[in-house]
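K.L.:
Have a look at this one.
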Amino acid sequence: MIPTRSTSALVASALVASALAVATAEDVAPDLASGWNKEALPIFETYCYDCHGDGLRKGELALDRFGSIKEMRADREVWKRIRDHIRHRLMPPLDEHQPDDAEREKLLAWIDKAVFPVDADHPDPGHVMLRRLNRNEYRNTLRDLLGTRANVIDLLPPDDSGYGFDNIGDVLTLSPAHLERYLEAARVALDDCVVIGPMPPPSKTVVGRDLTGDGSRDEEGCFLFTNGSAETSFKPAHDGRYRIVVTACGTPGGDEAPRMELRLDGNICHAWSVEAAMERPAEHETEIHLEAGRSHKLAVAFTNDFYQEDHPDRGRRDRNLMVNRLRIVGPVDGKPLPKPESHRRIFVARESGESDAAYSTRVLRLFARKAFRRPPHPGEIERHLQLVSLAANEPHAPEEGIRLALEAMLVSPSFLFREEPPARESGGEIVRIDEHALASRLSYFLWSTMPDRRLMELASRGELRARLDAEIDRMLGDNRASELTSNFAGQWLQLRDLAAAQPARRAFPKFDGRLARAMRIETEMLFRHVIDKDLAATTLLDADFTFLNERLARHYGIPGVRGDKFRKVDLPDKRRRGLLGHGSVHLLTSYPLRTSPVLRGKYVLENLLDMAPPPPPPNVPQLEPPSRHGRDLPLREQMVKHREDPACASCHAMMDPIGFAMENFDASGAWRDREHGKKLDVSGEWSDGTRFEGVGGLRETLLRRHKSDFHRALASRLLTYALGRGLDWYDKPAVDAIVRETEESDGSIRAMIRAVVHSVPFQYRRGSS
């Protein structure tokens, strides 16, 4: 029954309407005030004011406190929540009188027009944060810039996340601790790829546990407790003298230390008395001549074993030798090797008669163009040349000075941050970013690394925008596009959290980390396959194939898969199709001892439908875990108490049906038909009355009724990740356009990616005027 309104309530509403009309006349179009008075306000009065008006402010919300549309726009966060609650049917509570679909649409249309107005002809691209490279981007950029494989990511502090991703500019701060660690990482990377001075001769190290022959072996080395030898083979590439370095230690016996001999092809080359204690191994070296073309046998022999059980000095009763490692260096008298390619890509060949200053300038200018992802600014190279001059008197100048300048460049703001200046011809409130900034946006979106040579060349010629689609396809076909899978999909679908989502061993004794990793690989391979083959984005929901190895196939009950290698497997049974059938999703949405319909429903709503429910109220009791004493109730019965509060019922009406439909998957992702001896009830019903059965019915309903919602969810997440910022109300036209262009291309995921790249927020920025 519709509640009646008191006289005082009507007077209050009239005053609000009058104030709104006056304020609106000054600030916004008159038709908005008219729409409020004739359409929006009567609906709010009928369905909402009993809790949120006439002096009542349940949940700290009073709708009648807004005296003007200007005041509403000043508190858009509140109106965003109001809009979401209306759209997702969270309000009014289910036990209250409900507006019909037409009334909800009227409210949503008025809120969009009045509180969140957008101008399709003059869209707002949003703000641009000066965004620091996160750890993954920094590692990848160093790899592609220097050719280094040094694992610098462990040297850097963890990155914070915002809006579900770790590349969000608002949370990527730069502290003194960050700068210190970035400087250390730069030095480690340069040490790995740059060689100052003559190139050292090559070397080979054989650790003690890999030596053959006598004795026993462990992580410390080869332990010779009687006379014997530890051996290896070595086939030199060149004739010459080689330095042999044996790291060894021992225990003395009687009056002598262990005696160690180096033997070449059975002949003694050198002998040492090993004085080093077991806890402090020492190096013992000599040089020998080796001939190329044949394999030589190198042996380290222990020759003076001693044991006297009754020796008065307990520390001298047993003489033994430990060989920790053997290193072969050389030839030390041969022609120096050329510098590695990683060195030569920075220190380019010197021109005839070129001075140190000219050479240093040329090297730094070429490096800066790549490192800063743009041409150097005037005066930028000159500042770094001052560091080169500091090492002018060093033995290997100017290389040592250039190395100092390179370190400085790798911790400069122009390298650590992604600069996005406007194009030269741009001006006004909305400006287009220049082509070098566009190249960076594109490469860090798809590859999580710096632009390659082709992107930079196109940007320098001003041709990148004209060839964007071809470049997008080229980049998605590159191996570096795997970063989009690991970094975007890994965070959108929360796959990075799988390592911590382990079922309890007592309940699932066969589950281990290898199985969790296999589940992550399955989902990542599906995402990458959809992009590689340019399939419809909804293939992620209904793919009739997946990627399995033997272990995961056995867990799923799928026969005919052998070996550790993952391969594409057809799925005639619909239960495992798409993301809803993946063990990764089931694992992420379960507790250690039981499934969670709430977590599963929330996961689908947030990640796949962009319908994030509000946080739960405080002090909600936890459900009881499975018991060994036979008193278990099915989860469906236990969760009745979560819906007794009408304020909770609206959210659970959204989440629970989705979660119950997925109850055939246990907390480890394995299929089941019964729980505690009872057949599982996996039926569900949407708030509009649409019913479905099990995960197959849920999947079909999502595809039939919520395909556009899925496209919008994926488009919103892709745009957030691509821009490195959260989306706001003014981004709605961009998201609408991305969804429209995707659906006009039969849902193609590459069409969606292209639409993101062509979108106003990706191509433009707010101007400085």
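Ordering of the structure tokens sets the chain letters (A, B, ...); residue numbers start at 1 within each chain; ligands are numbered from 1 in the order shown.
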Skip Pro157 of chain A itself and residues of its chain fewer than 2 positions away, then list as a ChimeraX atom specification all residues within 10 Å of it, counting only C-alpha atoms.

P.N.:
/A:134-135,153-155,159-160,177-178,181-182

K.L.:
Can you write out the residues you just picked, keeping all heavy atoms, as an mmCIF file, in the first residue's frame?

P.N.:
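Result file is selection20.cif:
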```
data_model
loop_
_atom_site.group_PDB
_atom_site.id
_atom_site.type_symbol
_atom_site.label_atom_id
_atom_site.label_comp_id
_atom_site.auth_asym_id
_atom_site.auth_seq_id
_atom_site.Cartn_x
_atom_site.Cartn_y
_atom_site.Cartn_z
ATOM 1 N N ASN A 134 55.127 1.615 -12.333
ATOM 2 C CA ASN A 134 55.084 0.660 -11.230
ATOM 3 C C ASN A 134 56.210 -0.366 -11.388
ATOM 4 O O ASN A 134 57.003 -0.294 -12.320
ATOM 5 C CB ASN A 134 53.706 -0.008 -11.125
ATOM 6 C CG ASN A 134 53.373 -0.887 -12.324
ATOM 7 O OD1 ASN A 134 54.255 -1.354 -13.049
ATOM 8 N ND2 ASN A 134 52.089 -1.135 -12.532
ATOM 9 N N ARG A 135 56.286 -1.312 -10.486
ATOM 10 C CA ARG A 135 57.433 -2.230 -10.479
ATOM 11 C C ARG A 135 57.525 -3.050 -11.762
ATOM 12 O O ARG A 135 58.615 -3.229 -12.320
ATOM 13 C CB ARG A 135 57.343 -3.179 -9.272
ATOM 14 C CG ARG A 135 57.450 -2.485 -7.937
ATOM 15 C CD ARG A 135 57.825 -3.449 -6.841
ATOM 16 N NE ARG A 135 56.946 -4.608 -6.780
ATOM 17 C CZ ARG A 135 57.204 -5.704 -6.056
ATOM 18 N NH1 ARG A 135 58.315 -5.789 -5.349
ATOM 19 N NH2 ARG A 135 56.354 -6.712 -6.026
ATOM 20 N N ILE A 153 63.032 -6.288 -9.823
ATOM 21 C CA ILE A 153 61.715 -6.070 -9.215
ATOM 22 C C ILE A 153 61.743 -6.338 -7.712
ATOM 23 O O ILE A 153 61.039 -5.700 -6.934
ATOM 24 C CB ILE A 153 60.645 -6.933 -9.921
ATOM 25 C CG1 ILE A 153 59.251 -6.380 -9.633
ATOM 26 C CG2 ILE A 153 60.746 -8.399 -9.522
ATOM 27 C CD1 ILE A 153 58.174 -6.957 -10.524
ATOM 28 N N ASP A 154 62.608 -7.268 -7.277
ATOM 29 C CA ASP A 154 62.693 -7.574 -5.850
ATOM 30 C C ASP A 154 63.395 -6.477 -5.065
ATOM 31 O O ASP A 154 63.343 -6.470 -3.829
ATOM 32 C CB ASP A 154 63.424 -8.902 -5.640
ATOM 33 C CG ASP A 154 62.621 -10.086 -6.158
ATOM 34 O OD1 ASP A 154 61.387 -9.960 -6.235
ATOM 35 O OD2 ASP A 154 63.228 -11.121 -6.490
ATOM 36 N N LEU A 155 64.064 -5.565 -5.742
ATOM 37 C CA LEU A 155 64.746 -4.465 -5.063
ATOM 38 C C LEU A 155 63.798 -3.313 -4.742
ATOM 39 O O LEU A 155 64.142 -2.439 -3.941
ATOM 40 C CB LEU A 155 65.891 -3.930 -5.939
ATOM 41 C CG LEU A 155 66.998 -4.920 -6.301
ATOM 42 C CD1 LEU A 155 67.970 -4.265 -7.280
ATOM 43 C CD2 LEU A 155 67.731 -5.385 -5.059
ATOM 44 N N ASP A 159 53.988 -1.881 -4.794
ATOM 45 C CA ASP A 159 53.118 -0.776 -5.217
ATOM 46 C C ASP A 159 51.747 -0.906 -4.573
ATOM 47 O O ASP A 159 51.243 -2.013 -4.365
ATOM 48 C CB ASP A 159 52.950 -0.788 -6.743
ATOM 49 C CG ASP A 159 54.261 -0.515 -7.468
ATOM 50 O OD1 ASP A 159 54.957 0.435 -7.080
ATOM 51 O OD2 ASP A 159 54.582 -1.271 -8.412
ATOM 52 N N ASP A 160 51.135 0.228 -4.272
ATOM 53 C CA ASP A 160 49.752 0.230 -3.812
ATOM 54 C C ASP A 160 48.815 0.053 -5.005
ATOM 55 O O ASP A 160 49.215 0.236 -6.155
ATOM 56 C CB ASP A 160 49.425 1.535 -3.085
ATOM 57 C CG ASP A 160 50.168 1.659 -1.764
ATOM 58 O OD1 ASP A 160 50.380 0.614 -1.114
ATOM 59 O OD2 ASP A 160 50.533 2.787 -1.386
ATOM 60 N N ALA A 177 62.607 6.649 0.108
ATOM 61 C CA ALA A 177 62.946 5.221 0.085
ATOM 62 C C ALA A 177 62.822 4.654 -1.323
ATOM 63 O O ALA A 177 63.645 3.840 -1.755
ATOM 64 C CB ALA A 177 62.038 4.449 1.048
ATOM 65 N N HIS A 178 61.781 5.106 -2.059
ATOM 66 C CA HIS A 178 61.647 4.676 -3.453
ATOM 67 C C HIS A 178 62.854 5.104 -4.277
ATOM 68 O O HIS A 178 63.421 4.307 -5.042
ATOM 69 C CB HIS A 178 60.378 5.286 -4.081
ATOM 70 C CG HIS A 178 59.120 4.554 -3.768
ATOM 71 N ND1 HIS A 178 58.292 4.918 -2.745
ATOM 72 C CD2 HIS A 178 58.531 3.464 -4.340
ATOM 73 C CE1 HIS A 178 57.249 4.106 -2.701
ATOM 74 N NE2 HIS A 178 57.373 3.215 -3.662
ATOM 75 N N ARG A 181 65.891 3.008 -3.654
ATOM 76 C CA ARG A 181 65.793 1.665 -4.234
ATOM 77 C C ARG A 181 65.865 1.723 -5.760
ATOM 78 O O ARG A 181 66.433 0.817 -6.392
ATOM 79 C CB ARG A 181 64.494 0.995 -3.788
ATOM 80 C CG ARG A 181 64.305 0.917 -2.287
ATOM 81 C CD ARG A 181 65.426 0.164 -1.606
ATOM 82 N NE ARG A 181 65.305 -1.271 -1.802
ATOM 83 C CZ ARG A 181 66.200 -2.156 -1.403
ATOM 84 N NH1 ARG A 181 67.312 -1.755 -0.823
ATOM 85 N NH2 ARG A 181 66.020 -3.438 -1.619
ATOM 86 N N TYR A 182 65.288 2.756 -6.358
ATOM 87 C CA TYR A 182 65.385 2.898 -7.813
ATOM 88 C C TYR A 182 66.835 3.109 -8.239
ATOM 89 O O TYR A 182 67.272 2.587 -9.280
ATOM 90 C CB TYR A 182 64.524 4.069 -8.295
ATOM 91 C CG TYR A 182 63.077 3.707 -8.527
ATOM 92 C CD1 TYR A 182 62.045 4.352 -7.847
ATOM 93 C CD2 TYR A 182 62.729 2.714 -9.440
ATOM 94 C CE1 TYR A 182 60.717 4.024 -8.057
ATOM 95 C CE2 TYR A 182 61.405 2.374 -9.656
ATOM 96 C CZ TYR A 182 60.400 3.030 -8.961
ATOM 97 O OH TYR A 182 59.096 2.693 -9.172
#
```

K.L.:
To test your reading of the structure, identify every residue in segment 420-657 of chain A that backbone DSSP assigns to strand (DSSP E or B), and report it as a list in words.

P.N.:
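Of segment 420-657 of chain A, only Pro422, Ile430, Val431, Arg432, Ile433, Ala536, Phe545, Thr546, Phe547, Leu548, Arg567, Lys568, Val569, Asp570, Ser590 and Thr595 of chain A fall in strand (DSSP E or B).
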
K.L.:
Determine the nearest neighbour of Ile86 of chain A from the options A:Cys651, A:Asp656, A:Leu540, A:Ala466, counting only C-alpha atoms.

P.N.:
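Counting only C-alpha atoms, the residue closest to Ile86 of chain A is A:Cys651.
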
K.L.:
Hey, what's within 7 Å of segment 453-464 of chain A if we count only C-alpha atoms and toss same-chain stuff fewer than 6 positions away? As a compact mmCIF listing (two decimals) with N, CA and C atoms, in the first residue's frame, please?

P.N.:
```txt
# COMPACT_ATOMS: atom_id res chain seq x y z
N GLU A 435 52.08 12.87 -30.12
CA GLU A 435 52.19 11.49 -30.62
C GLU A 435 53.18 10.66 -29.80
N HIS A 436 54.20 11.28 -29.22
CA HIS A 436 55.10 10.52 -28.36
C HIS A 436 54.38 10.08 -27.07
N ALA A 439 52.20 7.24 -28.05
CA ALA A 439 52.98 6.00 -28.16
C ALA A 439 53.23 5.38 -26.80
```

K.L.:
Counting only C-alpha atoms, which of A:Glu471, A:Asn393, A:Pro331, A:Val194 gets nearest to Ile346 of chain A?

P.N.:
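So, comparing all the options, the nearest one is A:Val194.
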
K.L.:
Find the residues near Arg750 of chain A: any atom within 8 Å, counting only C-alpha atoms, skip ones fewer than 3 places away on the same chain, and give them as a list in words.

P.N.:
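Near neighbours after the sequence-gap exclusion: Ile531, Asp534, Leu535, Ile753 and Arg754 of chain A.
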
K.L.:
So that I have them on file, write out the residues from the current selection with N, CA and C atoms, as a PDB file, in the first residue's frame.

P.N.:
```
ATOM      1  N   ILE A 531      41.964 -12.917 -27.194  1.00  0.00           N
ATOM      2  CA  ILE A 531      42.591 -11.772 -27.850  1.00  0.00           C
ATOM      3  C   ILE A 531      43.318 -12.207 -29.122  1.00  0.00           C
ATOM      4  N   ASP A 534      40.902 -12.937 -31.769  1.00  0.00           N
ATOM      5  CA  ASP A 534      39.910 -11.868 -31.928  1.00  0.00           C
ATOM      6  C   ASP A 534      38.490 -12.418 -31.831  1.00  0.00           C
ATOM      7  N   LEU A 535      38.231 -13.154 -30.758  1.00  0.00           N
ATOM      8  CA  LEU A 535      36.903 -13.711 -30.522  1.00  0.00           C
ATOM      9  C   LEU A 535      36.025 -12.676 -29.827  1.00  0.00           C
ATOM     10  N   ILE A 753      39.249  -3.100 -27.560  1.00  0.00           N
ATOM     11  CA  ILE A 753      40.568  -2.523 -27.274  1.00  0.00           C
ATOM     12  C   ILE A 753      40.833  -1.333 -28.196  1.00  0.00           C
ATOM     13  N   ARG A 754      40.487  -1.474 -29.480  1.00  0.00           N
ATOM     14  CA  ARG A 754      40.668  -0.351 -30.402  1.00  0.00           C
ATOM     15  C   ARG A 754      39.810   0.838 -29.981  1.00  0.00           C
TER      16      ARG A 754
END
```

K.L.:
As an exercise, work out the distance from atom CA of Leu541 of chain A to atom CA of Ala470 of chain A in Å and give it to one decimal place.

P.N.:
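According to the coordinates, atom CA of Leu541 of chain A and atom CA of Ala470 of chain A are separated by 27.7 Å.
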
K.L.:
In terms of the shortest atom-to-atom distance over only C-alpha atoms, which of A:Arg575, A:Arg280, A:Arg241, A:Lys565 is closest to Lys335 of chain A?

P.N.:
A:Arg241

K.L.:
Out of segment 39-151 of chain A, which residues get alpha helix (DSSP H) from DSSP, as an MDAnalysis selection string?

P.N.:
chainID A and resid 41:47 49:52 69:74 76:87 101:114 135:146

K.L.:
Any idea what's packed within 10 Å of Ser360 of chain A, counting only C-alpha atoms, ignoring anything in its chain fewer than 6 positions away? Could you give it as a list of chain:residue names?

P.N.:
A:Phe347, A:Arg350, A:Glu354, A:Ile381, A:His384, A:Leu385, A:Val388, A:Ser389, A:Ala397, A:Pro398, A:Glu399, A:Gly401, A:Ile402, A:Ala405

K.L.:
Within 12 Å of segment 256-266 of chain A, which residues of segment 322-430 of chain A come that close, and what is the closest atom pair and distance in Å for each? Count only C-alpha atoms and give it as a tab-separated table.

P.N.:
```
residue	atom	partner	partner_atom	distance
A:Met322	CA	A:Pro258	CA	9.5
A:Val323	CA	A:Met260	CA	9.5
A:Leu326	CA	A:Leu262	CA	10.5
```

K.L.:
Take the residues that were just selected and, keeping C-alpha atoms, output them as a compact mmCIF listing (two decimals), in the first residue's frame.

P.N.:
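Dumped to out-v9.txt:
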```
# COMPACT_ATOMS: atom_id res chain seq x y z
CA MET A 322 85.66 -29.71 1.22
CA VAL A 323 85.68 -28.49 -2.41
CA LEU A 326 85.87 -24.80 -9.28
```

K.L.:
Name the residues in contact with Leu174 of chain A at a cut-off of 10 Å, using only C-alpha atoms, excluding same-chain residues fewer than 3 positions from it; report them as a list in words.

P.N.:
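Result of the neighbour search: Arg132, Val171, Ala177, His178, Leu179, Leu416 and Phe417 of chain A.
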
K.L.:
Store the residues picked out above in a file with N, CA and C atoms, as a CSV table (one decimal), in the first residue's frame.

P.N.:
```
chain,number,residue,atom,x,y,z
A,132,ARG,N,53.9,7.5,-12.0
A,132,ARG,CA,55.1,6.8,-11.9
A,132,ARG,C,55.0,5.4,-12.5
A,171,VAL,N,47.8,6.5,-6.5
A,171,VAL,CA,48.4,5.8,-5.4
A,171,VAL,C,49.9,5.5,-5.6
A,177,ALA,N,62.6,6.6,0.1
A,177,ALA,CA,62.9,5.2,0.1
A,177,ALA,C,62.8,4.7,-1.3
A,178,HIS,N,61.8,5.1,-2.1
A,178,HIS,CA,61.6,4.7,-3.5
A,178,HIS,C,62.9,5.1,-4.3
A,179,LEU,N,63.2,6.4,-4.1
A,179,LEU,CA,64.4,6.9,-4.9
A,179,LEU,C,65.7,6.1,-4.6
A,416,LEU,N,61.2,8.0,-14.7
A,416,LEU,CA,60.4,7.3,-13.7
A,416,LEU,C,58.9,7.6,-13.9
A,417,PHE,N,58.6,8.8,-14.5
A,417,PHE,CA,57.2,9.2,-14.6
A,417,PHE,C,56.9,9.2,-16.1
```

K.L.:
Set the distance at 12 Å and use only C-alpha atoms: which residues neighbour Gly696 of chain A once local chain neighbours fewer than 2 positions away are removed? I'd like the list as a PyMOL selection string.

P.N.:
chain A and resi 541-542+544+573-581+658+661-664+682-684+692-694+698-703
